[in-house]
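**Student:** So I've got this file, model_36.csv, and it contains CSV, C-alpha atoms:
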```csv
chain,number,residue,atom,x,y,z
Z,347,PHE,CA,-101.6,70.6,21.1
Z,348,GLU,CA,-98.5,68.5,21.4
Z,349,THR,CA,-95.9,68.8,18.6
Z,350,ILE,CA,-93.7,66.0,17.5
Z,351,SER,CA,-90.5,68.0,17.9
Z,352,MET,CA,-90.9,68.7,21.7
Z,353,ALA,CA,-90.1,66.0,24.1
Z,354,SER,CA,-87.9,65.5,27.1
Z,355,ILE,CA,-86.8,62.7,29.5
Z,356,CYS,CA,-85.3,63.1,33.0
Z,357,ILE,CA,-82.7,60.5,33.8
Z,358,ASP,CA,-81.3,59.7,37.3
Z,359,PRO,CA,-77.5,59.2,37.9
Z,360,LEU,CA,-78.0,55.4,37.5
Z,361,GLY,CA,-79.3,55.9,34.0
Z,362,GLN,CA,-82.9,55.1,34.7
Z,363,GLU,CA,-85.7,57.2,33.2
Z,364,ILE,CA,-87.6,59.1,36.0
Z,365,THR,CA,-90.1,61.1,34.0
Z,366,SER,CA,-90.9,62.1,30.5
Z,367,LYS,CA,-93.1,64.4,28.5
Z,368,GLY,CA,-93.8,65.0,24.9
Z,369,HIS,CA,-94.9,63.2,21.8
Z,370,CYS,CA,-94.5,59.4,21.8
Z,371,TRP,CA,-92.5,59.2,18.6
Z,372,ALA,CA,-90.1,61.9,19.8
Z,373,LEU,CA,-89.8,60.1,23.1
Z,374,THR,CA,-89.0,56.8,21.4
Z,375,THR,CA,-86.2,58.5,19.4
Z,376,ILE,CA,-84.8,60.1,22.6
Z,377,ARG,CA,-84.9,56.7,24.4
Z,378,ALA,CA,-83.1,55.0,21.5
Z,379,LYS,CA,-80.3,57.5,21.7
Z,380,THR,CA,-80.0,58.1,25.5
Z,381,LEU,CA,-81.1,55.0,27.4
Z,382,GLN,CA,-79.3,52.5,25.2
Z,383,VAL,CA,-76.1,51.0,26.5
Z,384,LEU,CA,-73.4,49.1,24.5
Z,385,VAL,CA,-73.5,46.0,26.6
Z,386,GLY,CA,-77.0,46.0,28.2
Z,387,ASP,CA,-78.6,42.8,29.5
Z,388,TRP,CA,-82.1,43.7,28.4
Z,389,LYS,CA,-82.8,43.7,24.7
Z,390,VAL,CA,-85.6,44.9,22.4
Z,391,ALA,CA,-85.5,43.3,19.0
Z,392,THR,CA,-87.5,44.9,16.1
Z,393,GLU,CA,-88.0,44.3,12.4
Z,394,GLU,CA,-87.6,47.7,10.7
Z,395,GLY,CA,-88.3,46.8,7.1
Z,396,VAL,CA,-88.3,43.3,5.6
Z,397,ASN,CA,-85.6,41.1,7.1
Z,398,ASN,CA,-84.0,44.1,8.8
Z,399,VAL,CA,-83.9,43.0,12.4
Z,400,LYS,CA,-82.4,45.5,14.9
Z,401,VAL,CA,-81.5,45.0,18.5
Z,402,TYR,CA,-81.5,47.8,21.2
Z,403,SER,CA,-79.7,47.1,24.5
Z,404,PHE,CA,-80.6,48.5,27.9
Z,405,GLY,CA,-79.0,48.3,31.3
Z,406,CYS,CA,-82.3,47.7,33.1
Z,407,LYS,CA,-85.8,46.3,32.6
Z,408,GLU,CA,-87.6,49.6,33.2
Z,409,ASN,CA,-85.7,51.4,30.4
Z,410,ALA,CA,-86.2,48.5,28.0
Z,411,ARG,CA,-89.9,48.3,28.8
Z,412,LYS,CA,-90.4,52.0,28.2
Z,413,PHE,CA,-88.7,51.9,24.9
Z,414,PHE,CA,-90.6,48.7,24.0
Z,415,ASN,CA,-93.9,50.3,24.9
Z,416,GLY,CA,-93.2,53.4,22.8
Z,417,LEU,CA,-92.6,51.5,19.5
Z,418,THR,CA,-95.2,50.8,16.8
Z,419,ALA,CA,-93.0,48.2,14.9
Z,420,ALA,CA,-93.2,44.5,15.6
Z,421,ARG,CA,-91.0,43.8,18.5
Z,422,ILE,CA,-89.8,41.4,21.2
Z,423,LEU,CA,-88.6,42.1,24.7
Z,424,LEU,CA,-85.8,39.8,25.8
Z,425,ASP,CA,-84.6,39.3,29.4
Z,426,PRO,CA,-80.9,38.9,30.4
Z,427,PHE,CA,-81.1,35.2,29.7
Z,428,ALA,CA,-82.4,35.8,26.1
Z,429,LYS,CA,-85.9,34.6,27.0
Z,430,GLU,CA,-88.8,36.3,25.2
Z,431,ILE,CA,-90.9,37.9,27.9
Z,432,ASP,CA,-93.2,40.0,25.8
Z,433,HIS,CA,-94.0,40.8,22.2
Z,434,LYS,CA,-96.2,43.2,20.3
Z,435,GLY,CA,-97.1,43.5,16.6
Z,436,SER,CA,-99.4,40.5,16.2
Z,437,TRP,CA,-100.8,42.5,13.3
Z,438,ASN,CA,-97.6,41.4,11.5
Z,439,PRO,CA,-96.9,37.8,12.5
Z,440,PHE,CA,-94.3,37.4,9.7
Z,441,ALA,CA,-92.2,40.1,11.3
Z,442,LEU,CA,-92.4,38.4,14.7
Z,443,SER,CA,-91.4,35.1,13.1
Z,444,THR,CA,-88.4,36.8,11.5
Z,445,ILE,CA,-87.3,38.4,14.8
Z,446,ARG,CA,-87.6,35.1,16.6
Z,447,THR,CA,-85.6,33.3,13.8
Z,448,ARG,CA,-82.8,35.8,14.2
Z,449,ARG,CA,-82.7,36.5,17.9
Z,450,LEU,CA,-84.1,33.6,19.9
Z,451,GLN,CA,-81.9,30.8,18.3
Z,452,GLU,CA,-78.8,29.6,20.2
Z,453,GLN,CA,-75.9,27.6,18.7
Z,454,GLY,CA,-75.9,24.3,20.5
Z,455,GLY,CA,-79.4,24.8,21.9
Z,456,GLN,CA,-81.0,21.5,23.0
Z,457,TRP,CA,-84.6,22.4,22.0
Z,458,LYS,CA,-85.2,22.0,18.2
Z,459,VAL,CA,-87.9,23.1,15.9
Z,460,ILE,CA,-87.7,21.3,12.6
Z,461,THR,CA,-89.6,22.6,9.6
Z,462,GLU,CA,-90.1,21.8,5.9
Z,463,GLU,CA,-90.1,25.1,4.0
Z,464,GLY,CA,-90.7,23.8,0.5
Z,465,VAL,CA,-90.2,20.4,-1.0
Z,466,LYS,CA,-87.2,18.7,0.7
Z,467,ASN,CA,-86.1,22.0,2.2
Z,468,VAL,CA,-85.8,20.8,5.8
Z,469,ARG,CA,-84.5,23.4,8.4
Z,470,VAL,CA,-83.5,22.9,12.0
Z,471,TYR,CA,-83.7,25.8,14.4
Z,472,LEU,CA,-82.0,25.5,17.8
Z,473,PHE,CA,-83.1,27.1,21.1
Z,474,GLY,CA,-81.7,27.2,24.6
Z,475,CYS,CA,-85.0,27.0,26.4
Z,476,GLU,CA,-88.4,25.5,26.0
Z,477,GLU,CA,-90.3,28.8,26.2
Z,478,ASN,CA,-88.4,30.3,23.2
Z,479,ALA,CA,-88.8,27.2,21.1
Z,480,ARG,CA,-92.5,27.0,21.8
Z,481,LYS,CA,-93.0,30.7,20.9
Z,482,PHE,CA,-91.2,30.2,17.7
Z,483,PHE,CA,-93.0,26.9,16.9
Z,484,ASN,CA,-96.5,28.5,17.7
Z,485,GLY,CA,-95.8,31.3,15.3
Z,486,LEU,CA,-94.9,29.1,12.3
Z,487,PHE,CA,-96.6,29.3,8.9
Z,488,VAL,CA,-95.2,26.0,7.7
Z,489,VAL,CA,-95.3,22.4,8.9
Z,490,GLY,CA,-93.0,21.8,11.8
Z,491,ILE,CA,-92.2,19.6,14.8
Z,492,LEU,CA,-90.9,20.6,18.3
Z,493,VAL,CA,-88.3,18.2,19.7
Z,494,ASP,CA,-87.2,18.4,23.4
Z,495,PRO,CA,-83.6,17.7,24.6
Z,496,MET,CA,-84.5,14.0,25.0
Z,497,ALA,CA,-85.3,13.8,21.3
Z,498,GLN,CA,-89.1,13.5,22.0
Z,499,GLU,CA,-91.7,15.2,19.9
```
Mind turning this structure into structure tokens?

**Tutor:**
Amino acid sequence: FETISMASICIDPLGQEITSKGHCWALTTIRAKTLQVLVGDWKVATEEGVNNVKVYSFGCKENARKFFNGLTAARILLDPFAKEIDHKGSWNPFALSTIRTRRLQEQGGQWKVITEEGVKNVRVYLFGCEENARKFFNGLFVVGILVDPMAQE
């Protein structure tokens, strides 16, 4: 029987996780504390409570992926170019939409998603790439249009 309090991770000199053992919740906590870096290129964005989006940074894809896979909360894995490469938590599509609203948008982005969120409440969301704009658009719960950099629907 595995207890929650017993877990360990072996990390190589480059900061990559080599092996791990123990309960998944304990491993996730250890990964959050030890594998995270201040300025990592790989990001895992989560919603931990309503509108409480948190971002965890990692120096390599492997560490970000291991942390991502160990979570139960709605989450999105972002590559160094801020593109969404994976998501989990489709059981809570509202959380995924919140994460995308907060983390995938780019000031000056050429791809636009325009929505009407209530009478005459028009909002414009800007994205730097088509993939992120489409993922956000496909997860909408309101009427919206997707506009490319050439201003075409």

**Student:** Determine, counting only C-alpha atoms, which protein, DNA and RNA residues have an atom within 10 Å of an atom of Z:Leu381; residues of the same chain fewer than 5 positions away are not included. Present the result as an MDAnalysis selection string.

**Tutor:** chainID Z and resid 355 357 361:363 376 386 402:406 409:410 412:413

**Student:** Figure out the distance between atom CA of Z:Gly416 and atom CA of Z:Cys370, please, to one decimal in Å.

**Tutor:**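 For atom CA of Z:Cys370 relative to atom CA of Z:Gly416, the distance reads 6.2 Å.
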
**Student:** Report, in Å to a single decimal, how far apart atom CA of Z:Phe440 and atom CA of Z:Gly485 are.

**Tutor:**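 The value is 8.4 Å.
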
**Student:** Nearest to Z:Leu442 among Z:Arg421, Z:Ile491, Z:Glu499, Z:Val399, with distances taken over all atoms listed in the file: which residue is it?

**Tutor:** Z:Arg421

**Student:** Within 10 Å of stretch 455-466 of chain Z, counting all atoms listed in the file, which residues show up once you throw out same-chain ones fewer than 6 positions away? Write them as a PDB file with C-alpha atoms, in the frame of the given file, please.

**Tutor:**
```pdb
ATOM      1  CA  LEU Z 472     -82.000  25.500  17.800  1.00  0.00           C
ATOM      2  CA  PHE Z 473     -83.100  27.100  21.100  1.00  0.00           C
ATOM      3  CA  GLY Z 474     -81.700  27.200  24.600  1.00  0.00           C
ATOM      4  CA  CYS Z 475     -85.000  27.000  26.400  1.00  0.00           C
ATOM      5  CA  GLU Z 476     -88.400  25.500  26.000  1.00  0.00           C
ATOM      6  CA  GLU Z 477     -90.300  28.800  26.200  1.00  0.00           C
ATOM      7  CA  ASN Z 478     -88.400  30.300  23.200  1.00  0.00           C
ATOM      8  CA  ALA Z 479     -88.800  27.200  21.100  1.00  0.00           C
ATOM      9  CA  ARG Z 480     -92.500  27.000  21.800  1.00  0.00           C
ATOM     10  CA  PHE Z 482     -91.200  30.200  17.700  1.00  0.00           C
ATOM     11  CA  PHE Z 483     -93.000  26.900  16.900  1.00  0.00           C
ATOM     12  CA  LEU Z 486     -94.900  29.100  12.300  1.00  0.00           C
ATOM     13  CA  PHE Z 487     -96.600  29.300   8.900  1.00  0.00           C
ATOM     14  CA  VAL Z 488     -95.200  26.000   7.700  1.00  0.00           C
ATOM     15  CA  VAL Z 489     -95.300  22.400   8.900  1.00  0.00           C
ATOM     16  CA  GLY Z 490     -93.000  21.800  11.800  1.00  0.00           C
ATOM     17  CA  ILE Z 491     -92.200  19.600  14.800  1.00  0.00           C
ATOM     18  CA  LEU Z 492     -90.900  20.600  18.300  1.00  0.00           C
ATOM     19  CA  VAL Z 493     -88.300  18.200  19.700  1.00  0.00           C
ATOM     20  CA  ASP Z 494     -87.200  18.400  23.400  1.00  0.00           C
ATOM     21  CA  PRO Z 495     -83.600  17.700  24.600  1.00  0.00           C
ATOM     22  CA  MET Z 496     -84.500  14.000  25.000  1.00  0.00           C
ATOM     23  CA  ALA Z 497     -85.300  13.800  21.300  1.00  0.00           C
ATOM     24  CA  GLN Z 498     -89.100  13.500  22.000  1.00  0.00           C
ATOM     25  CA  GLU Z 499     -91.700  15.200  19.900  1.00  0.00           C
TER      26      GLU Z 499
END
```

**Student:** Quick one: residues within 7 Å of stretch 423-439 of chain Z, only C-alpha atoms counted, chain neighbours fewer than 4 positions away excluded, as a PyMOL selection string?

**Tutor:** chain Z and resi 387-391+414+419+443+450+478

**Student:** Grab the atom CA of Z:Val396 to atom CA of Z:Glu408 distance for me, in Å with one decimal place.

**Tutor:**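 Atom CA of Z:Glu408 lies 28.3 Å from atom CA of Z:Val396.
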
**Student:** Of the candidates Z:Thr447, Z:Leu373, Z:Ser354, Z:Leu384, which one gets nearest to Z:Lys481 if we count all atoms listed in the file?

**Tutor:**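 Selected residue with least distance to Z:Lys481: Z:Thr447.
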
**Student:** Restricting the calculation to only C-alpha atoms, which member of Z:Gln382, Z:Thr374, Z:Ser366, Z:Thr392 is positioned closest to Z:Arg448?

**Tutor:**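 Checking each candidate against Z:Arg448, we get Z:Thr392 as the closest.
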